[in-house]
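S.K.: target08.cif is reproduced below (mmCIF, C-alpha atoms).
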```cif
data_start
loop_
_atom_site.label_atom_id
_atom_site.label_comp_id
_atom_site.auth_asym_id
_atom_site.auth_seq_id
_atom_site.Cartn_x
_atom_site.Cartn_y
_atom_site.Cartn_z
CA MET B 60 140.59 40.87 164.04
CA ALA B 61 137.42 40.58 162.00
CA THR B 62 137.55 39.75 158.34
CA SER B 63 135.67 41.46 155.55
CA GLY B 64 131.96 40.93 155.15
CA LYS B 65 132.56 38.29 152.47
CA ARG B 66 131.33 34.91 153.68
CA SER B 67 132.72 31.54 152.75
CA VAL B 68 132.31 28.02 153.97
CA ARG B 69 134.66 26.02 156.16
CA HIS B 70 134.20 22.44 157.30
CA LEU B 71 134.97 21.11 160.74
CA TRP B 72 135.22 17.36 161.26
CA LEU B 73 134.82 16.48 164.96
CA LEU B 74 135.98 12.95 165.74
CA ARG B 75 135.87 11.24 169.11
CA HIS B 76 138.92 9.00 169.57
CA GLY B 77 138.62 5.27 168.91
CA LYS B 78 137.81 2.70 171.60
CA ALA B 79 140.58 2.70 174.20
CA ALA B 80 141.74 0.23 176.84
CA SER B 81 140.23 0.83 180.26
CA ASP B 82 143.69 1.06 181.84
CA ALA B 83 147.10 2.25 180.70
CA PRO B 84 149.83 -0.38 180.51
CA TRP B 85 152.30 -0.62 183.39
CA GLY B 86 150.18 1.57 185.65
CA GLY B 87 150.42 4.62 183.39
CA SER B 88 148.16 7.66 183.46
CA ASP B 89 144.84 8.11 181.67
CA LYS B 90 146.66 9.98 178.87
CA GLU B 91 148.61 6.79 178.12
CA ARG B 92 145.63 4.51 177.51
CA PRO B 93 146.11 2.86 174.07
CA LEU B 94 143.50 2.01 171.48
CA THR B 95 141.97 -1.45 171.54
CA ALA B 96 141.90 -3.63 168.43
CA ARG B 97 138.39 -2.29 167.75
CA GLY B 98 139.61 1.30 168.13
CA ARG B 99 142.43 0.71 165.64
CA ARG B 100 140.08 -1.04 163.22
CA ASP B 101 137.46 1.76 163.37
CA ALA B 102 140.02 4.55 162.86
CA THR B 103 141.65 2.74 159.94
CA ALA B 104 138.26 2.05 158.34
CA LEU B 105 137.24 5.69 158.67
CA GLY B 106 140.49 6.83 157.03
CA ALA B 107 139.91 4.38 154.16
CA ARG B 108 136.41 5.80 153.66
CA LEU B 109 137.78 9.34 153.63
CA ALA B 110 140.38 8.37 151.02
CA GLY B 111 138.29 6.19 148.77
CA GLU B 112 135.12 7.96 147.70
CA GLN B 113 134.34 10.79 145.33
CA ALA B 114 131.76 12.19 147.76
CA VAL B 115 133.37 11.70 151.16
CA LEU B 116 130.98 9.59 153.28
CA GLY B 117 128.29 10.52 150.76
CA LEU B 118 128.58 14.24 151.61
CA GLU B 119 128.40 16.12 148.32
CA GLY B 120 130.56 19.24 148.24
CA VAL B 121 132.32 18.55 151.54
CA PRO B 122 136.09 18.43 151.05
CA ARG B 123 138.36 16.00 152.83
CA PRO B 124 140.21 17.46 155.80
CA ASP B 125 143.41 19.35 154.98
CA LEU B 126 144.75 19.08 158.51
CA ALA B 127 144.19 16.99 161.65
CA ILE B 128 144.53 18.46 165.13
CA CYS B 129 144.35 16.27 168.21
CA SER B 130 144.99 15.98 171.89
CA ALA B 131 148.42 14.57 172.73
CA ALA B 132 146.86 11.63 174.62
CA ILE B 133 147.95 8.27 173.17
CA ARG B 134 144.42 7.26 172.11
CA THR B 135 143.68 10.49 170.23
CA ARG B 136 147.09 10.65 168.60
CA HIS B 137 146.85 7.03 167.45
CA THR B 138 143.32 7.60 166.14
CA ALA B 139 144.47 10.62 164.12
CA ASP B 140 147.58 8.80 162.87
CA LEU B 141 145.58 5.76 161.75
CA VAL B 142 143.05 7.93 159.89
CA ALA B 143 145.89 9.86 158.22
CA GLU B 144 147.79 6.68 157.31
CA ALA B 145 144.68 5.10 155.76
CA MET B 146 144.20 8.31 153.75
CA GLY B 147 147.57 7.64 152.17
CA GLY B 148 149.61 9.85 154.49
CA ARG B 149 148.23 13.04 152.91
CA LEU B 150 146.85 14.43 156.17
CA PRO B 151 149.28 16.30 158.44
CA VAL B 152 148.62 15.71 162.16
CA ASP B 153 149.37 18.24 164.92
CA ALA B 154 149.03 17.14 168.57
CA TYR B 155 148.71 19.49 171.53
CA GLN B 156 149.00 18.74 175.26
CA ALA B 157 146.48 21.49 176.07
CA LEU B 158 143.68 19.70 174.19
CA TYR B 159 143.75 16.82 176.68
CA GLY B 160 141.06 17.75 179.17
CA ALA B 161 140.28 20.98 177.31
CA ASP B 162 136.91 22.59 177.85
CA PRO B 163 134.87 23.74 174.83
CA ASP B 164 136.19 27.32 175.05
CA LEU B 165 139.83 26.24 174.81
CA PHE B 166 138.95 23.76 172.05
CA LEU B 167 137.28 26.58 170.08
CA GLN B 168 140.34 28.78 170.61
CA TYR B 169 142.37 26.17 168.70
CA VAL B 170 139.73 26.12 165.95
CA ARG B 171 139.93 29.91 165.62
CA GLU B 172 143.71 29.72 165.21
CA ILE B 173 143.68 27.39 162.18
CA ASP B 174 145.65 28.78 159.23
CA GLU B 175 143.35 30.52 156.77
CA GLY B 176 144.66 28.39 153.89
CA VAL B 177 142.94 25.36 155.46
CA ARG B 178 139.35 24.96 154.25
CA SER B 179 138.50 21.74 156.10
CA ALA B 180 139.96 20.52 159.41
CA LEU B 181 139.65 17.36 161.47
CA PHE B 182 139.78 17.57 165.28
CA VAL B 183 140.27 14.34 167.22
CA GLY B 184 139.42 14.69 170.88
CA HIS B 185 137.66 13.42 173.94
CA ASN B 186 134.08 13.39 175.13
CA PRO B 187 132.23 15.20 176.48
CA THR B 188 134.15 18.09 174.89
CA VAL B 189 133.87 16.99 171.25
CA PHE B 190 130.10 16.51 171.53
CA GLU B 191 129.70 19.80 173.43
CA VAL B 192 131.65 21.73 170.79
CA ALA B 193 129.44 20.30 168.04
CA TRP B 194 126.34 21.18 170.07
CA LEU B 195 127.51 24.77 170.70
CA LEU B 196 128.43 25.40 167.07
CA LEU B 197 125.13 24.13 165.68
CA GLN B 198 122.43 26.72 165.20
CA GLU B 199 119.97 26.91 168.06
CA PRO B 200 116.55 25.74 166.86
CA ALA B 201 113.51 28.00 166.96
CA HIS B 202 111.56 25.19 168.62
CA SER B 203 113.57 22.97 170.94
CA ASP B 204 111.09 20.08 170.66
CA ASP B 205 111.55 19.74 166.87
CA PRO B 206 113.16 16.29 166.27
CA THR B 207 114.55 17.34 162.87
CA THR B 208 116.89 20.09 164.07
CA ASP B 209 120.62 19.53 163.78
CA ARG B 210 121.00 19.42 167.56
CA ALA B 211 118.22 16.84 167.87
CA VAL B 212 119.80 14.68 165.16
CA LEU B 213 123.19 14.88 166.88
CA GLU B 214 121.69 13.91 170.22
CA THR B 215 119.52 11.12 168.80
CA ARG B 216 122.39 9.51 166.87
CA GLY B 217 124.60 9.40 169.95
CA PHE B 218 128.35 9.91 170.01
CA PRO B 219 130.19 6.67 170.85
CA THR B 220 133.91 6.15 170.39
CA CYS B 221 135.08 6.94 166.85
CA ALA B 222 131.87 8.88 166.14
CA LEU B 223 132.21 11.73 163.68
CA ALA B 224 130.19 14.94 163.30
CA VAL B 225 130.83 16.98 160.16
CA LEU B 226 129.86 20.64 160.41
CA THR B 227 129.52 23.25 157.69
CA LEU B 228 130.57 26.61 159.11
CA ASP B 229 129.18 29.78 157.56
CA VAL B 230 132.16 32.00 158.38
CA GLY B 231 134.55 34.23 156.48
CA ALA B 232 137.55 32.96 158.43
CA TRP B 233 138.34 30.44 161.17
CA GLU B 234 138.72 33.30 163.63
CA ASP B 235 135.03 34.13 163.02
CA VAL B 236 133.80 30.81 164.46
CA VAL B 237 131.14 31.47 167.11
CA HIS B 238 128.36 29.52 168.78
CA GLY B 239 125.53 28.82 166.35
CA CYS B 240 127.53 29.36 163.13
CA ALA B 241 127.24 25.79 161.84
CA ASP B 242 124.91 23.37 160.15
CA LEU B 243 125.23 19.61 160.52
CA ALA B 244 126.43 18.01 157.29
CA GLY B 245 126.34 14.52 158.82
CA VAL B 246 126.85 12.32 161.86
CA PHE B 247 128.58 8.97 161.45
CA LYS B 248 129.61 6.14 163.74
CA PRO B 249 131.28 2.77 163.32
CA PRO B 250 131.31 0.46 161.57
CA TYR B 251 132.71 2.46 158.68
#
```
Translate the structure described by the file into structure tokens.
M.R.:
Amino acid sequence: MATSGKRSVRHLWLLRHGKAASDAPWGGSDKERPLTARGRRDATALGARLAGEQAVLGLEGVPRPDLAICSAAIRTRHTADLVAEAMGGRLPVDAYQALYGADPDLFLQYVREIDEGVRSALFVGHNPTVFEVAWLLLQEPAHSDDPTTDRAVLETRGFPTCALAVLTLDVGAWEDVVHGCADLAGVFKPPY
């Protein structure tokens, strides 16, 4: 259902999970791989940065996330929990089994279903999906060889574990999110 023609701004924070162990303990599945000490440190440091500054990560006018959504894999859930805890426990975290191994279309379906009262949301997921979603949402440049476009900046900066892309979405409602509706507010990576 389309909303009225009135436009507003939403913010989508796309976070790749922190550094994880290469194997799950006791022969567990890939979904059970825990964060390493570095992964825990990076997620906690990011949460502290989100909690501690007037302009979050130096981004003027970008509100802190109101909600975190993540895959139910151990490494994404722990990343989201550590960020939320370092923010003082003010960030509710919802985990979904379907986001583990989700393709960009399913990921975007979850974005479109965010409650309209939420103005800024954090998604914690896996690569390549998180990077691909950011790429798809960013406006397609008029000239693909321009190194200053949002897509070029995203690609140049890279997207290692615990990397964060913050997007400004020019949409009236979450359900209006489509490819090319976003501008890149910033790309960040550890150390935070």
S.K.: Nearest residue to Asp140 in chain B out of B:Gly106, B:Gly217, B:Gly87, B:Gly245, using all atoms listed in the file?
M.R.: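 Between B:Gly106, B:Gly217, B:Gly87, B:Gly245, the residue approaching Asp140 in chain B most closely is B:Gly106.
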S.K.: At a cut-off of 10 Å, using all atoms listed in the file, what residues contact Gly160 in chain B? Leave out same-chain residues fewer than 3 positions from it and give the result as a VMD selection string.
M.R.: chain B and resid 90 130 132 156 to 157 163 165 to 166 184 to 188
S.K.: Applied to the shown file, which residues does the PyMOL selection byres ((chain B and resi 70) around 12) return, written as a VMD selection string?
M.R.: chain B and resid 67 to 69 71 to 73 118 120 to 126 170 173 177 to 182 193 196 224 to 233 236 240 to 245
S.K.: Which value, in Å to one decimal, gives the distance between CA of Ala80 in chain B and CA of Ala96 in chain B?
M.R.: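 Between these atoms lies a distance of 9.3 Å.
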S.K.: What does the distance from CA of Tyr251 in chain B to CA of Gly117 in chain B come to in Å, to one decimal?
M.R.: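 These two atoms are separated by 12.1 Å.
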S.K.: Work out how far apart CA of Phe247 in chain B and CA of Leu213 in chain B are and give it in Å to one decimal.
M.R.: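 Taking CA of Phe247 in chain B and CA of Leu213 in chain B, their separation equals 9.7 Å.
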S.K.: Give me, as a list in words, all polymer residues having an atom no more than 10 Å from Pro250 in chain B, counting all atoms listed in the file and skipping those fewer than 6 positions away in the same chain.
M.R.: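 Once the nearby chain positions are removed, what remains is Arg97, Arg100, Asp101, Ala102, Ala104, Leu105, Cys221 and Ala222 of chain B.
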S.K.: I need the residue nearest Ala154 in chain B from this list: B:Leu223, B:Leu94, B:Cys129, B:Ala79. Use all atoms listed in the file for the distance.
M.R.: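 Answer, going by the shortest atom-to-atom distance: B:Cys129.
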S.K.: Using only C-alpha atoms, which of B:Pro249, B:Gly176, B:Gly147, B:Pro206 sits nearest Pro219 in chain B?
M.R.: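 Among the listed residues, B:Pro249 lies closest to Pro219 in chain B.
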S.K.: Can you pull out the residues contacting Leu195 in chain B? Cut-off 7 Å, using all atoms listed in the file, and skip same-chain residues under 3 positions away; I want them as a ChimeraX atom specification.
M.R.: /B:191-192,238-239
S.K.: Env of Gly98 in chain B: 9 Å cut, atoms = only C-alpha atoms, seq-sep filter 6 positions within chain, self excluded. Answer as a PyMOL selection string.
M.R.: chain B and resi 76-79+134+138+220-221
S.K.: Please determine, counting all atoms listed in the file, which residue among B:Asp153, B:Glu144, B:Asp89, B:Asp235 has the shortest atom-to-atom distance to Ala127 in chain B.
M.R.: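 Checking each of B:Asp153, B:Glu144, B:Asp89, B:Asp235 against Ala127 in chain B, counting all atoms listed in the file, the winner is B:Asp153.
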S.K.: Find the residue from B:Val183, B:Leu197, B:Val212, B:Leu150 that sits nearest to Ala131 in chain B; use all atoms listed in the file when measuring.
M.R.: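 Checking each of B:Val183, B:Leu197, B:Val212, B:Leu150 against Ala131 in chain B, counting all atoms listed in the file, the winner is B:Val183.
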S.K.: Go through B:Leu109, B:Val152, B:Ile128, B:Val237 and flag the residue nearest Tyr169 in chain B, using all atoms listed in the file for the distances.
M.R.: B:Ile128
